[in-house]
$ cat model-v2.cif   # mmCIF, C-alpha atoms, pLDDT in the B column; chains and numbers go by the auth columns
data_data
#
loop_
_atom_site.group_PDB
_atom_site.id
_atom_site.type_symbol
_atom_site.label_atom_id
_atom_site.label_comp_id
_atom_site.label_asym_id
_atom_site.label_seq_id
_atom_site.Cartn_x
_atom_site.Cartn_y
_atom_site.Cartn_z
_atom_site.B_iso_or_equiv
_atom_site.auth_seq_id
_atom_site.auth_asym_id
ATOM 1 C CA MET A 1 84.162 176.380 116.020 48.00 210 Y
ATOM 2 C CA SER A 2 83.390 178.444 112.936 47.00 211 Y
ATOM 3 C CA GLY A 3 86.353 177.019 111.074 50.00 212 Y
ATOM 4 C CA SER A 4 84.920 173.514 111.280 47.00 213 Y
ATOM 5 C CA TYR A 5 81.801 174.571 109.378 47.00 214 Y
ATOM 6 C CA SER A 6 83.363 176.731 106.697 48.00 215 Y
ATOM 7 C CA SER A 7 83.942 173.963 104.136 47.00 216 Y
ATOM 8 C CA PRO A 8 81.715 170.960 104.828 49.00 217 Y
ATOM 9 C CA PRO A 9 82.920 168.040 102.729 50.00 218 Y
ATOM 10 C CA LEU A 10 79.596 166.246 102.327 49.00 219 Y
ATOM 11 C CA PRO A 11 77.490 168.904 100.574 49.00 220 Y
ATOM 12 C CA GLY A 12 80.214 169.522 98.008 48.00 221 Y
ATOM 13 C CA PRO A 13 79.827 168.498 94.374 51.00 222 Y
ATOM 14 C CA GLY A 14 80.447 164.908 93.386 49.00 223 Y
ATOM 15 C CA PRO A 15 83.328 163.708 91.270 48.00 224 Y
ATOM 16 C CA GLU A 16 83.699 165.365 87.927 49.00 225 Y
ATOM 17 C CA PRO A 17 82.914 163.347 84.803 47.00 226 Y
ATOM 18 C CA GLY A 18 85.833 161.186 83.827 47.00 227 Y
ATOM 19 C CA ASP A 19 87.144 161.059 87.387 49.00 228 Y
ATOM 20 C CA GLY A 20 87.600 157.360 88.233 47.00 229 Y
ATOM 21 C CA ALA A 21 87.799 157.886 92.010 45.00 230 Y
ATOM 22 C CA VAL A 22 85.855 155.386 94.114 43.00 231 Y
ATOM 23 C CA PRO A 23 84.305 156.585 97.409 44.00 232 Y
ATOM 24 C CA SER A 24 86.343 155.499 100.387 43.00 233 Y
ATOM 25 C CA GLY A 25 83.333 153.839 101.997 43.00 234 Y
ATOM 26 C CA SER A 26 82.842 151.442 99.104 41.00 235 Y
ATOM 27 C CA MET A 27 83.200 147.743 100.000 39.00 236 Y
ATOM 28 C CA GLU A 28 83.501 146.602 96.427 42.00 237 Y
ATOM 29 C CA GLY A 29 87.276 146.417 96.203 41.00 238 Y
ATOM 30 C CA PRO A 30 88.109 144.557 99.442 41.00 239 Y
ATOM 31 C CA MET A 31 85.282 142.061 99.009 40.00 240 Y
ATOM 32 C CA GLU A 32 86.453 141.153 95.537 44.00 241 Y
ATOM 33 C CA GLY A 33 89.889 140.317 96.886 49.00 242 Y
ATOM 34 C CA ARG A 34 88.759 138.219 99.854 50.00 243 Y
ATOM 35 C CA CYS A 35 85.492 136.510 98.927 54.00 244 Y
ATOM 36 C CA THR A 36 85.965 133.011 97.542 60.00 245 Y
ATOM 37 C CA LEU A 37 82.419 131.700 97.977 62.00 246 Y
ATOM 38 C CA ASP A 38 81.513 132.233 94.324 68.00 247 Y
ATOM 39 C CA GLU A 39 84.659 130.783 92.768 70.00 248 Y
ATOM 40 C CA PRO A 40 84.585 127.296 91.167 75.00 249 Y
ATOM 41 C CA VAL A 41 85.548 124.327 93.323 76.00 250 Y
ATOM 42 C CA THR A 42 88.365 123.428 90.932 80.00 251 Y
ATOM 43 C CA GLU A 43 89.915 126.865 91.378 78.00 252 Y
ATOM 44 C CA THR A 44 89.804 126.501 95.167 75.00 253 Y
ATOM 45 C CA ILE A 45 91.430 123.063 94.960 77.00 254 Y
ATOM 46 C CA MET A 46 94.152 124.302 92.617 81.00 255 Y
ATOM 47 C CA ARG A 47 94.923 127.232 94.913 77.00 256 Y
ATOM 48 C CA ASP A 48 95.293 124.862 97.869 73.00 257 Y
ATOM 49 C CA LEU A 49 97.484 122.527 95.832 80.00 258 Y
ATOM 50 C CA ARG A 50 99.726 125.432 94.807 80.00 259 Y
ATOM 51 C CA SER A 51 100.039 126.422 98.469 74.00 260 Y
ATOM 52 C CA ILE A 52 100.981 122.841 99.407 78.00 261 Y
ATOM 53 C CA GLY A 53 103.537 122.738 96.582 78.00 262 Y
ATOM 54 C CA THR A 54 105.115 125.994 97.768 76.00 263 Y
ATOM 55 C CA LYS A 55 105.540 124.637 101.303 78.00 264 Y
ATOM 56 C CA LEU A 56 106.981 121.343 100.054 78.00 265 Y
ATOM 57 C CA LYS A 57 109.423 123.362 97.924 77.00 266 Y
ATOM 58 C CA TYR A 58 110.640 125.100 101.066 77.00 267 Y
ATOM 59 C CA VAL A 59 111.188 121.739 102.768 75.00 268 Y
ATOM 60 C CA MET A 60 113.038 120.124 99.861 76.00 269 Y
ATOM 61 C CA LEU A 61 115.142 123.055 98.574 74.00 270 Y
ATOM 62 C CA PRO A 62 117.729 124.431 101.029 65.00 271 Y
ATOM 63 C CA GLN A 63 118.067 127.702 99.102 61.00 272 Y
ATOM 64 C CA ALA A 64 114.339 128.303 99.625 58.00 273 Y
ATOM 65 C CA ARG A 65 114.923 128.522 103.391 57.00 274 Y
ATOM 66 C CA ALA A 66 116.714 131.863 103.211 57.00 275 Y
ATOM 67 C CA ASP A 67 113.547 133.644 104.419 56.00 276 Y
ATOM 68 C CA LYS A 68 113.600 131.678 107.702 53.00 277 Y
ATOM 69 C CA ALA A 69 110.521 129.589 106.846 55.00 278 Y
ATOM 70 C CA HIS A 70 108.282 132.536 106.031 59.00 279 Y
ATOM 71 C CA GLY A 71 106.362 130.286 103.627 60.00 280 Y
ATOM 72 C CA LEU A 72 105.445 127.889 106.439 63.00 281 Y
ATOM 73 C CA LYS A 73 104.169 130.626 108.744 65.00 282 Y
ATOM 74 C CA GLN A 74 100.909 130.737 106.762 71.00 283 Y
ATOM 75 C CA TRP A 75 99.775 127.427 108.194 74.00 284 Y
ATOM 76 C CA ASP A 76 97.358 124.884 106.773 77.00 285 Y
ATOM 77 C CA LEU A 77 96.627 121.281 107.734 81.00 286 Y
ATOM 78 C CA TRP A 78 95.925 119.757 104.307 82.00 287 Y
ATOM 79 C CA GLY A 79 99.553 118.983 103.572 83.00 288 Y
ATOM 80 C CA PRO A 80 100.322 117.367 106.949 85.00 289 Y
ATOM 81 C CA LEU A 81 97.104 115.343 106.703 87.00 290 Y
ATOM 82 C CA PHE A 82 97.984 113.969 103.258 89.00 291 Y
ATOM 83 C CA LEU A 83 101.549 113.189 104.335 89.00 292 Y
ATOM 84 C CA CYS A 84 100.337 111.403 107.482 87.00 293 Y
ATOM 85 C CA LEU A 85 97.904 109.355 105.413 89.00 294 Y
ATOM 86 C CA ALA A 86 100.591 108.471 102.886 89.00 295 Y
ATOM 87 C CA LEU A 87 103.112 107.453 105.550 89.00 296 Y
ATOM 88 C CA GLY A 88 100.532 105.493 107.527 86.00 297 Y
ATOM 89 C CA ILE A 89 99.347 103.610 104.428 88.00 298 Y
ATOM 90 C CA MET A 90 102.895 102.733 103.351 88.00 299 Y
ATOM 91 C CA LEU A 91 103.893 101.463 106.798 87.00 300 Y
ATOM 92 C CA SER A 92 100.673 99.474 107.198 85.00 301 Y
ATOM 93 C CA MET A 93 101.215 97.812 103.807 84.00 302 Y
ATOM 94 C CA GLN A 94 104.515 96.353 105.037 82.00 303 Y
ATOM 95 C CA THR A 95 103.036 94.594 108.091 77.00 304 Y
ATOM 96 C CA ASP A 96 102.239 90.892 108.343 76.00 305 Y
ATOM 97 C CA ASN A 97 98.559 91.062 109.282 77.00 306 Y
ATOM 98 C CA SER A 98 95.633 93.481 109.467 77.00 307 Y
ATOM 99 C CA GLU A 99 95.980 93.978 113.227 78.00 308 Y
ATOM 100 C CA GLN A 100 99.558 95.193 112.888 80.00 309 Y
ATOM 101 C CA ALA A 101 98.541 97.305 109.896 81.00 310 Y
ATOM 102 C CA GLY A 102 95.912 99.137 111.915 82.00 311 Y
ATOM 103 C CA MET A 103 98.354 99.634 114.766 85.00 312 Y
ATOM 104 C CA ALA A 104 101.026 101.058 112.468 83.00 313 Y
ATOM 105 C CA PHE A 105 98.530 103.388 110.806 85.00 314 Y
ATOM 106 C CA ALA A 106 97.244 104.670 114.148 86.00 315 Y
ATOM 107 C CA LEU A 107 100.741 105.036 115.565 87.00 316 Y
ATOM 108 C CA VAL A 108 101.746 107.390 112.752 86.00 317 Y
ATOM 109 C CA PHE A 109 98.855 109.718 113.568 84.00 318 Y
ATOM 110 C CA ILE A 110 99.535 109.565 117.307 87.00 319 Y
ATOM 111 C CA ILE A 111 103.227 110.389 116.898 86.00 320 Y
ATOM 112 C CA VAL A 112 102.615 113.245 114.445 83.00 321 Y
ATOM 113 C CA TRP A 113 99.743 114.984 116.218 81.00 322 Y
ATOM 114 C CA VAL A 114 100.634 114.289 119.845 85.00 323 Y
ATOM 115 C CA GLY A 115 104.309 114.848 119.107 84.00 324 Y
ATOM 116 C CA SER A 116 103.495 118.200 117.540 81.00 325 Y
ATOM 117 C CA GLY A 117 101.567 119.161 120.654 81.00 326 Y
ATOM 118 C CA VAL A 118 104.484 118.212 122.909 85.00 327 Y
ATOM 119 C CA VAL A 119 106.945 120.188 120.783 83.00 328 Y
ATOM 120 C CA THR A 120 104.602 123.192 120.839 80.00 329 Y
ATOM 121 C CA LEU A 121 104.140 122.993 124.622 82.00 330 Y
ATOM 122 C CA ASN A 122 107.892 122.843 125.095 81.00 331 Y
ATOM 123 C CA ALA A 123 108.383 125.918 122.884 79.00 332 Y
ATOM 124 C CA VAL A 124 105.687 127.844 124.778 78.00 333 Y
ATOM 125 C CA LEU A 125 107.257 126.960 128.140 81.00 334 Y
ATOM 126 C CA LEU A 126 110.539 128.315 126.763 78.00 335 Y
ATOM 127 C CA ARG A 127 108.726 131.612 126.048 75.00 336 Y
ATOM 128 C CA GLY A 128 108.520 130.963 122.342 70.00 337 Y
ATOM 129 C CA GLN A 129 105.901 132.582 120.113 72.00 338 Y
ATOM 130 C CA ILE A 130 104.101 129.785 118.251 72.00 339 Y
ATOM 131 C CA SER A 131 100.589 128.409 117.929 73.00 340 Y
ATOM 132 C CA PHE A 132 99.602 124.747 117.976 75.00 341 Y
ATOM 133 C CA PHE A 133 98.405 124.678 114.355 79.00 342 Y
ATOM 134 C CA GLN A 134 101.506 126.491 113.139 78.00 343 Y
ATOM 135 C CA SER A 135 103.689 123.905 114.856 77.00 344 Y
ATOM 136 C CA VAL A 136 101.654 121.030 113.380 80.00 345 Y
ATOM 137 C CA CYS A 137 101.972 122.604 109.932 81.00 346 Y
ATOM 138 C CA VAL A 138 105.753 122.950 110.131 81.00 347 Y
ATOM 139 C CA LEU A 139 106.441 119.537 111.649 84.00 348 Y
ATOM 140 C CA GLY A 140 103.912 117.876 109.328 85.00 349 Y
ATOM 141 C CA TYR A 141 105.309 119.322 106.117 86.00 350 Y
ATOM 142 C CA CYS A 142 108.858 118.565 107.187 86.00 351 Y
ATOM 143 C CA ILE A 143 108.181 114.806 107.331 89.00 352 Y
ATOM 144 C CA PHE A 144 107.996 114.862 103.521 89.00 353 Y
ATOM 145 C CA PRO A 145 111.625 113.658 103.085 90.00 354 Y
ATOM 146 C CA LEU A 146 110.852 110.743 105.434 91.00 355 Y
ATOM 147 C CA VAL A 147 107.727 109.932 103.426 91.00 356 Y
ATOM 148 C CA ILE A 148 109.910 109.728 100.310 91.00 357 Y
ATOM 149 C CA ALA A 149 112.374 107.513 102.233 91.00 358 Y
ATOM 150 C CA ALA A 150 109.534 105.204 103.290 90.00 359 Y
ATOM 151 C CA PHE A 151 108.285 104.980 99.698 91.00 360 Y
ATOM 152 C CA LEU A 152 111.724 104.106 98.305 91.00 361 Y
ATOM 153 C CA SER A 153 112.297 101.581 101.099 86.00 362 Y
ATOM 154 C CA MET A 154 108.975 99.910 100.328 87.00 363 Y
ATOM 155 C CA LEU A 155 109.886 99.612 96.643 87.00 364 Y
ATOM 156 C CA LEU A 156 113.450 98.330 96.958 83.00 365 Y
ATOM 157 C CA GLN A 157 113.254 96.174 100.127 79.00 366 Y
ATOM 158 C CA ILE A 158 117.038 96.250 100.657 83.00 367 Y
ATOM 159 C CA ILE A 159 118.165 96.743 104.244 86.00 368 Y
ATOM 160 C CA TRP A 160 121.292 98.824 103.686 88.00 369 Y
ATOM 161 C CA LEU A 161 119.542 101.046 101.148 88.00 370 Y
ATOM 162 C CA LYS A 162 116.688 101.489 103.593 87.00 371 Y
ATOM 163 C CA VAL A 163 119.102 102.719 106.259 90.00 372 Y
ATOM 164 C CA ILE A 164 120.642 105.199 103.816 92.00 373 Y
ATOM 165 C CA PHE A 165 117.232 106.504 102.719 91.00 374 Y
ATOM 166 C CA VAL A 166 116.055 106.969 106.291 91.00 375 Y
ATOM 167 C CA VAL A 167 119.265 108.702 107.412 92.00 376 Y
ATOM 168 C CA VAL A 168 119.098 111.124 104.480 91.00 377 Y
ATOM 169 C CA GLY A 169 115.386 111.745 105.061 90.00 378 Y
ATOM 170 C CA PHE A 170 115.938 112.314 108.779 91.00 379 Y
ATOM 171 C CA THR A 171 118.743 114.797 108.116 89.00 380 Y
ATOM 172 C CA TRP A 172 116.650 116.653 105.551 87.00 381 Y
ATOM 173 C CA SER A 173 113.574 116.798 107.783 86.00 382 Y
ATOM 174 C CA THR A 174 115.404 118.034 110.868 86.00 383 Y
ATOM 175 C CA GLY A 175 117.326 120.603 108.843 80.00 384 Y
ATOM 176 C CA ALA A 176 114.116 122.058 107.433 79.00 385 Y
ATOM 177 C CA SER A 177 112.213 122.155 110.735 80.00 386 Y
ATOM 178 C CA VAL A 178 115.019 123.258 113.059 77.00 387 Y
ATOM 179 C CA GLY A 179 115.564 126.401 110.978 72.00 388 Y
ATOM 180 C CA PHE A 180 111.999 127.421 111.772 73.00 389 Y
ATOM 181 C CA MET A 181 111.688 126.254 115.372 71.00 390 Y
ATOM 182 C CA SER A 182 114.979 127.824 116.446 69.00 391 Y
ATOM 183 C CA GLU A 183 113.651 131.241 115.447 69.00 392 Y
ATOM 184 C CA LEU A 184 110.744 130.987 117.903 70.00 393 Y
ATOM 185 C CA VAL A 185 112.619 130.510 121.166 72.00 394 Y
ATOM 186 C CA PRO A 186 115.096 132.806 122.933 70.00 395 Y
ATOM 187 C CA GLU A 187 118.718 132.623 121.856 71.00 396 Y
ATOM 188 C CA ASP A 188 119.934 131.057 125.094 73.00 397 Y
ATOM 189 C CA ARG A 189 117.268 128.300 124.951 76.00 398 Y
ATOM 190 C CA LYS A 190 117.512 127.172 121.336 75.00 399 Y
ATOM 191 C CA ALA A 191 119.052 123.823 122.259 76.00 400 Y
ATOM 192 C CA LEU A 192 116.129 123.046 124.585 78.00 401 Y
ATOM 193 C CA GLY A 193 113.660 124.044 121.874 75.00 402 Y
ATOM 194 C CA VAL A 194 115.305 122.015 119.116 79.00 403 Y
ATOM 195 C CA TYR A 195 115.892 118.814 121.106 83.00 404 Y
ATOM 196 C CA PRO A 196 112.200 117.681 121.112 83.00 405 Y
ATOM 197 C CA VAL A 197 112.062 118.301 117.362 85.00 406 Y
ATOM 198 C CA TRP A 198 115.024 115.959 116.921 87.00 407 Y
ATOM 199 C CA LEU A 199 113.301 113.293 119.062 88.00 408 Y
ATOM 200 C CA PHE A 200 110.112 113.721 117.021 88.00 409 Y
ATOM 201 C CA TYR A 201 111.846 112.805 113.764 90.00 410 Y
ATOM 202 C CA VAL A 202 113.897 110.075 115.432 90.00 411 Y
ATOM 203 C CA ALA A 203 110.634 108.350 116.404 89.00 412 Y
ATOM 204 C CA ILE A 204 109.259 108.555 112.845 89.00 413 Y
ATOM 205 C CA SER A 205 112.569 107.363 111.366 90.00 414 Y
ATOM 206 C CA TRP A 206 112.660 104.395 113.751 89.00 415 Y
ATOM 207 C CA MET A 207 109.133 103.413 112.707 86.00 416 Y
ATOM 208 C CA ILE A 208 110.229 103.369 109.069 88.00 417 Y
ATOM 209 C CA LEU A 209 113.346 101.306 109.848 86.00 418 Y
ATOM 210 C CA ILE A 210 111.521 98.577 111.768 83.00 419 Y
ATOM 211 C CA SER A 211 108.568 98.329 109.381 74.00 420 Y
#
$ encode --input "model-v2.cif" --output "structure tokens"
Amino acid sequence: MSGSYSSPPLPGPGPEPGDGAVPSGSMEGPMEGRCTLDEPVTETIMRDLRSIGTKLKYVMLPQARADKAHGLKQWDLWGPLFLCLALGIMLSMQTDNSEQAGMAFALVFIIVWVGSGVVTLNAVLLRGQISFFQSVCVLGYCIFPLVIAAFLSMLLQIIWLKVIFVVVGFTWSTGASVGFMSELVPEDRKALGVYPVWLFYVAISWMILIS
């Protein structure tokens, strides 16, 4: 036991002048990196917008998917919420009356949020490792190509162009989301995990076509 008392670290002299060492118990460094309560609101908004832009870049650029959707693993719900609102507003604007407009707007939210829950439950039953909010984030961001297709269809109002836009948007959306979802289920059950994702985007695409 004598060896443990020969050189006590606490009574020793403090850091020499000019030594820039910070005591290991100091909370100054970590708190500066994590605390955002004192930052301006505009800075917080811009940081969230940059995060949304990064996730949309992953969805739209195939070469950005080389990291197997690592950018979408840091989930947030702002992007999916804005995309749901945009799609719901565009589909409701193309209806004949206010009753159909409200129904179309509500149906978009039901399909996106309930559909995300069903896809997540299916992945969990297949022994996949995914959370509900992570699934909503991925599926929500990946409807962005279909939102663009709905916007172009609303502007041009040409049936055959609308079909082309929706088919391209559907292909783009499924390609972006399947790359992520297939990584979360066992190798021998990937087809069962991807099939509900395909149905999810088929339902959204059909809504755009019949609007």
$ resolve_selection --input "model-v2.cif" --expression "the PyMOL selection byres ((chain Y and resi 311-324) around 7)" --output "list in words"
Cys293, Gly297, Ile298, Leu300, Ser301, Ser307, Glu308, Gln309, Ala310, Ser325, Gly326, Val327, Val328, Val345 and Phe409 of chain Y
$ resolve_selection --input "model-v2.cif" --expression "the PyMOL selection byres ((chain Y and resi 390) around 10)" --output "PyMOL selection string"
chain Y and resi 277-278+328-329+332+337-339+344+347-348+385-389+391-394+399+402-403+406
$ residues_around --input "model-v2.cif" --residues "Gly384 of chain Y" --least-positions-apart "2" --cutoff "10 Å" --atoms "all atoms listed in the file" --output "PyMOL selection string"
chain Y and resi 268-269+271+274+351+378-382+386-389+407
$ residues_around --input "model-v2.cif" --residues "segment 259-264 of chain Y" --least-positions-apart "2" --cutoff "8 Å" --atoms "all atoms listed in the file" --output "number ranges by chain"
Y: 255-257, 266-268, 280-281, 287-288, 350
$ write_last_selection --input "model-v2.cif" --atoms "C-alpha atoms" --output "PDB file, keeping the file's coordinate frame"
ATOM      1  CA  MET Y 255      94.152 124.302  92.617  1.00 81.00           C
ATOM      2  CA  ARG Y 256      94.923 127.232  94.913  1.00 77.00           C
ATOM      3  CA  ASP Y 257      95.293 124.862  97.869  1.00 73.00           C
ATOM      4  CA  LYS Y 266     109.423 123.362  97.924  1.00 77.00           C
ATOM      5  CA  TYR Y 267     110.640 125.100 101.066  1.00 77.00           C
ATOM      6  CA  VAL Y 268     111.188 121.739 102.768  1.00 75.00           C
ATOM      7  CA  GLY Y 280     106.362 130.286 103.627  1.00 60.00           C
ATOM      8  CA  LEU Y 281     105.445 127.889 106.439  1.00 63.00           C
ATOM      9  CA  TRP Y 287      95.925 119.757 104.307  1.00 82.00           C
ATOM     10  CA  GLY Y 288      99.553 118.983 103.572  1.00 83.00           C
ATOM     11  CA  TYR Y 350     105.309 119.322 106.117  1.00 86.00           C
TER      12      TYR Y 350
END
$ atom_distance --input "model-v2.cif" --atom1 "atom CA of Asn306 of chain Y" --atom2 "atom CA of Val376 of chain Y"
27.3 Å
$ atom_distance --input "model-v2.cif" --atom1 "atom CA of Ala400 of chain Y" --atom2 "atom CA of Leu335 of chain Y"
10.6 Å
$ closest_residue --input "model-v2.cif" --among "Y:Ser420, Y:Val333, Y:Leu286, Y:Gly349" --to "Met302 of chain Y" --atoms "only C-alpha atoms"
Y:Ser420
$ closest_residue --input "model-v2.cif" --among "Y:Ser340, Y:Leu401, Y:Leu361, Y:Ser414" --to "Thr383 of chain Y" --atoms "all atoms listed in the file"
Y:Ser414
$ closest_residue --input "model-v2.cif" --among "Y:Met416, Y:Arg398, Y:Glu248, Y:Leu290" --to "Asn331 of chain Y" --atoms "all atoms listed in the file"
Y:Arg398
$ atom_distance --input "model-v2.cif" --atom1 "atom CA of Met299 of chain Y" --atom2 "atom CA of Leu355 of chain Y"
11.5 Å
$ closest_residue --input "model-v2.cif" --among "Y:Leu265, Y:Leu365, Y:Ala359, Y:Thr253" --to "Leu296 of chain Y" --atoms "all atoms listed in the file"
Y:Ala359
$ axis_aligned_box --input "model-v2.cif" --around "segment 343-359 of chain Y" --padding-each-side "5 Å" --output "JSON"
{"center_x": 106.9, "center_y": 115.8, "center_z": 107.6, "size_x": 20.9, "size_y": 31.3, "size_z": 24.5}
$ closest_residue --input "model-v2.cif" --among "Y:Asp285, Y:Glu396, Y:Val372, Y:Pro405" --to "Phe341 of chain Y" --atoms "only C-alpha atoms"
Y:Asp285
$ build_atoms --input "model-v2.cif" --residues "segment 400-418 of chain Y" --atoms "N, CA, C and O atoms" --output "PDB file, keeping the file's coordinate frame"
ATOM      1  N   ALA Y 400     118.767 125.258 122.158  1.00 76.00           N
ATOM      2  CA  ALA Y 400     119.052 123.823 122.259  1.00 76.00           C
ATOM      3  C   ALA Y 400     117.885 123.085 122.898  1.00 76.00           C
ATOM      4  O   ALA Y 400     117.510 121.989 122.460  1.00 76.00           O
ATOM      5  N   LEU Y 401     117.281 123.683 123.933  1.00 78.00           N
ATOM      6  CA  LEU Y 401     116.129 123.046 124.585  1.00 78.00           C
ATOM      7  C   LEU Y 401     114.910 123.033 123.674  1.00 78.00           C
ATOM      8  O   LEU Y 401     114.067 122.136 123.771  1.00 78.00           O
ATOM      9  N   GLY Y 402     114.792 124.014 122.789  1.00 75.00           N
ATOM     10  CA  GLY Y 402     113.660 124.044 121.874  1.00 75.00           C
ATOM     11  C   GLY Y 402     113.813 123.097 120.697  1.00 75.00           C
ATOM     12  O   GLY Y 402     112.819 122.581 120.184  1.00 75.00           O
ATOM     13  N   VAL Y 403     115.053 122.855 120.286  1.00 79.00           N
ATOM     14  CA  VAL Y 403     115.305 122.015 119.116  1.00 79.00           C
ATOM     15  C   VAL Y 403     115.351 120.534 119.480  1.00 79.00           C
ATOM     16  O   VAL Y 403     115.011 119.678 118.659  1.00 79.00           O
ATOM     17  N   TYR Y 404     115.731 120.210 120.707  1.00 83.00           N
ATOM     18  CA  TYR Y 404     115.892 118.814 121.106  1.00 83.00           C
ATOM     19  C   TYR Y 404     114.612 117.991 120.938  1.00 83.00           C
ATOM     20  O   TYR Y 404     114.661 116.878 120.386  1.00 83.00           O
ATOM     21  N   PRO Y 405     113.422 118.457 121.350  1.00 83.00           N
ATOM     22  CA  PRO Y 405     112.200 117.681 121.112  1.00 83.00           C
ATOM     23  C   PRO Y 405     111.895 117.492 119.631  1.00 83.00           C
ATOM     24  O   PRO Y 405     111.312 116.471 119.246  1.00 83.00           O
ATOM     25  N   VAL Y 406     112.262 118.451 118.807  1.00 85.00           N
ATOM     26  CA  VAL Y 406     112.062 118.301 117.362  1.00 85.00           C
ATOM     27  C   VAL Y 406     112.905 117.146 116.844  1.00 85.00           C
ATOM     28  O   VAL Y 406     112.448 116.325 116.034  1.00 85.00           O
ATOM     29  N   TRP Y 407     114.140 117.061 117.320  1.00 87.00           N
ATOM     30  CA  TRP Y 407     115.024 115.959 116.921  1.00 87.00           C
ATOM     31  C   TRP Y 407     114.437 114.618 117.352  1.00 87.00           C
ATOM     32  O   TRP Y 407     114.422 113.659 116.568  1.00 87.00           O
ATOM     33  N   LEU Y 408     113.919 114.530 118.588  1.00 88.00           N
ATOM     34  CA  LEU Y 408     113.301 113.293 119.062  1.00 88.00           C
ATOM     35  C   LEU Y 408     112.067 112.933 118.233  1.00 88.00           C
ATOM     36  O   LEU Y 408     111.791 111.749 117.989  1.00 88.00           O
ATOM     37  N   PHE Y 409     111.318 113.934 117.823  1.00 88.00           N
ATOM     38  CA  PHE Y 409     110.112 113.721 117.021  1.00 88.00           C
ATOM     39  C   PHE Y 409     110.447 112.991 115.716  1.00 88.00           C
ATOM     40  O   PHE Y 409     109.801 111.991 115.362  1.00 88.00           O
ATOM     41  N   TYR Y 410     111.474 113.447 115.036  1.00 90.00           N
ATOM     42  CA  TYR Y 410     111.846 112.805 113.764  1.00 90.00           C
ATOM     43  C   TYR Y 410     112.601 111.510 113.974  1.00 90.00           C
ATOM     44  O   TYR Y 410     112.584 110.640 113.095  1.00 90.00           O
ATOM     45  N   VAL Y 411     113.275 111.363 115.107  1.00 90.00           N
ATOM     46  CA  VAL Y 411     113.897 110.075 115.432  1.00 90.00           C
ATOM     47  C   VAL Y 411     112.828 108.995 115.573  1.00 90.00           C
ATOM     48  O   VAL Y 411     112.986 107.866 115.083  1.00 90.00           O
ATOM     49  N   ALA Y 412     111.717 109.322 116.220  1.00 89.00           N
ATOM     50  CA  ALA Y 412     110.634 108.350 116.404  1.00 89.00           C
ATOM     51  C   ALA Y 412     110.042 107.924 115.065  1.00 89.00           C
ATOM     52  O   ALA Y 412     109.809 106.737 114.823  1.00 89.00           O
ATOM     53  N   ILE Y 413     109.813 108.888 114.166  1.00 89.00           N
ATOM     54  CA  ILE Y 413     109.259 108.555 112.845  1.00 89.00           C
ATOM     55  C   ILE Y 413     110.272 107.734 112.051  1.00 89.00           C
ATOM     56  O   ILE Y 413     109.902 106.759 111.365  1.00 89.00           O
ATOM     57  N   SER Y 414     111.547 108.107 112.108  1.00 90.00           N
ATOM     58  CA  SER Y 414     112.569 107.363 111.366  1.00 90.00           C
ATOM     59  C   SER Y 414     112.674 105.926 111.876  1.00 90.00           C
ATOM     60  O   SER Y 414     112.838 104.991 111.079  1.00 90.00           O
ATOM     61  N   TRP Y 415     112.579 105.741 113.187  1.00 89.00           N
ATOM     62  CA  TRP Y 415     112.660 104.395 113.751  1.00 89.00           C
ATOM     63  C   TRP Y 415     111.483 103.542 113.299  1.00 89.00           C
ATOM     64  O   TRP Y 415     111.647 102.339 113.023  1.00 89.00           O
ATOM     65  N   MET Y 416     110.298 104.149 113.201  1.00 86.00           N
ATOM     66  CA  MET Y 416     109.133 103.413 112.707  1.00 86.00           C
ATOM     67  C   MET Y 416     109.353 102.916 111.282  1.00 86.00           C
ATOM     68  O   MET Y 416     108.978 101.808 110.930  1.00 86.00           O
ATOM     69  N   ILE Y 417     109.972 103.771 110.461  1.00 88.00           N
ATOM     70  CA  ILE Y 417     110.229 103.369 109.069  1.00 88.00           C
ATOM     71  C   ILE Y 417     111.272 102.244 109.018  1.00 88.00           C
ATOM     72  O   ILE Y 417     111.146 101.298 108.220  1.00 88.00           O
ATOM     73  N   LEU Y 418     112.278 102.317 109.866  1.00 86.00           N
ATOM     74  CA  LEU Y 418     113.346 101.306 109.848  1.00 86.00           C
ATOM     75  C   LEU Y 418     112.822  99.938 110.273  1.00 86.00           C
ATOM     76  O   LEU Y 418     113.214  98.911 109.684  1.00 86.00           O
TER      77      LEU Y 418
END
